[in-house]
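**Q** Below: one structure in structure tokens.
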Amino acid sequence: MILISVLFNQIIFYIIVVLVSVLLIFLFIYPLIKHYRESHHFKNVCYKKIYAIAMFNDYYLINNLPIIKDNEIVAQIDHVLFSNKFMYVIKDIYFNEIVNGNIYDKVWLLYNKNGKTSEINNPLMLNSFRCDKFSETKHIDRSFFISIVLVNDDIMMKNFDTMHGNNSYLCKRKDLTKLIKKIEKRNVSSFNAESLDKEVKSIADELGRKY
């Protein structure tokens, strides 16, 4: 009986060691897998997130929308989410570098791991420009548009929480649902459902797509 008890205790000990080891390996590897997935498939990850929001709330969604004026493409929009009250123009960008800039800077600085510096045009300004052009070409009131630049959850930016204003937002992917819910609570009139349906159908027809 004593031998059986010792063997049983040893088996339990080995099982616990294995389970703890597996847990530690998972906790170490999972963030690496998540980072790899986001960095290499970010656009697809964002699409799935936005699509899920559209499906859950019965919103319209059009992806890869070119804005055409005088037979020329003047802007390219990653995603347009048509909700009950607003039209969300969404641009997805993955930042692997340290980001330095503010909402009013024309240029943002990026610092990579090797200490090299590069510049990009302020994506918030660029996306607001896309909203302007969308409003202009479709003759839709500009106040109906919300500009969102969707970025990776682990973005390295010191002043990230200040990056919003004038219906323009820098938003982490994980916070997109919460942000849209907050905006939709604004005390403004909802779109006329029939008019919205016609507008979205018109845009989709121009692109030769279903919506």
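Just remember, in the structure tokens the first chain shown is A, the second B, etc., residues are 1-based per chain, and ligands are 1-based in the order shown.
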Each residue of region 101-208 of chain A with at least one atom at most 9 Å from region 59-83 of chain A should appear once, together with its nearest atom pair and the corresponding distance in Å (one decimal); atoms considered: only C-alpha atoms; ordering: chain, then increasing residue number; output as JSON lines.

**A**
{"residue": "A:Asn127", "atom": "CA", "partner": "A:Ile77", "partner_atom": "CA", "distance": 8.2}
{"residue": "A:Phe129", "atom": "CA", "partner": "A:Ala75", "partner_atom": "CA", "distance": 8.2}
{"residue": "A:Arg130", "atom": "CA", "partner": "A:Ala75", "partner_atom": "CA", "distance": 5.8}
{"residue": "A:Cys131", "atom": "CA", "partner": "A:Ile77", "partner_atom": "CA", "distance": 8.9}
{"residue": "A:Lys133", "atom": "CA", "partner": "A:Ile67", "partner_atom": "CA", "distance": 7.0}
{"residue": "A:Phe134", "atom": "CA", "partner": "A:Ile67", "partner_atom": "CA", "distance": 6.3}
{"residue": "A:Thr137", "atom": "CA", "partner": "A:Lys69", "partner_atom": "CA", "distance": 6.7}
{"residue": "A:Glu184", "atom": "CA", "partner": "A:Ser83", "partner_atom": "CA", "distance": 8.1}
{"residue": "A:Ser190", "atom": "CA", "partner": "A:Ser83", "partner_atom": "CA", "distance": 8.9}
{"residue": "A:Phe191", "atom": "CA", "partner": "A:Ser83", "partner_atom": "CA", "distance": 8.5}
{"residue": "A:Leu196", "atom": "CA", "partner": "A:Phe82", "partner_atom": "CA", "distance": 8.2}
{"residue": "A:Asp197", "atom": "CA", "partner": "A:Tyr60", "partner_atom": "CA", "distance": 8.5}
{"residue": "A:Val200", "atom": "CA", "partner": "A:Tyr60", "partner_atom": "CA", "distance": 7.5}
{"residue": "A:Ile203", "atom": "CA", "partner": "A:Ile62", "partner_atom": "CA", "distance": 8.8}
{"residue": "A:Ala204", "atom": "CA", "partner": "A:Ile62", "partner_atom": "CA", "distance": 7.6}
{"residue": "A:Leu207", "atom": "CA", "partner": "A:Leu65", "partner_atom": "CA", "distance": 8.1}

**Q** Using only C-alpha atoms, find the one residue out of A:Ala52, A:Ile148, A:Leu179, A:Leu109 that sits nearest to Asn166 (chain A).

**A**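 Counting only C-alpha atoms, the residue closest to Asn166 (chain A) is A:Ile148.
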
**Q** Contacts of Gly101 (chain A) at 9 Å or less, counting only C-alpha atoms, minus same-chain residues fewer than 4 places along, as a ChimeraX atom specification?

**A** /A:105-110,122,157,159

**Q** Please indicate the distance in Å from CA of Ser147 (chain A) to CA of Ile90 (chain A), rounded to one decimal place.

**A**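 One can read the CA of Ser147 (chain A) to CA of Ile90 (chain A) distance as 6.2 Å.
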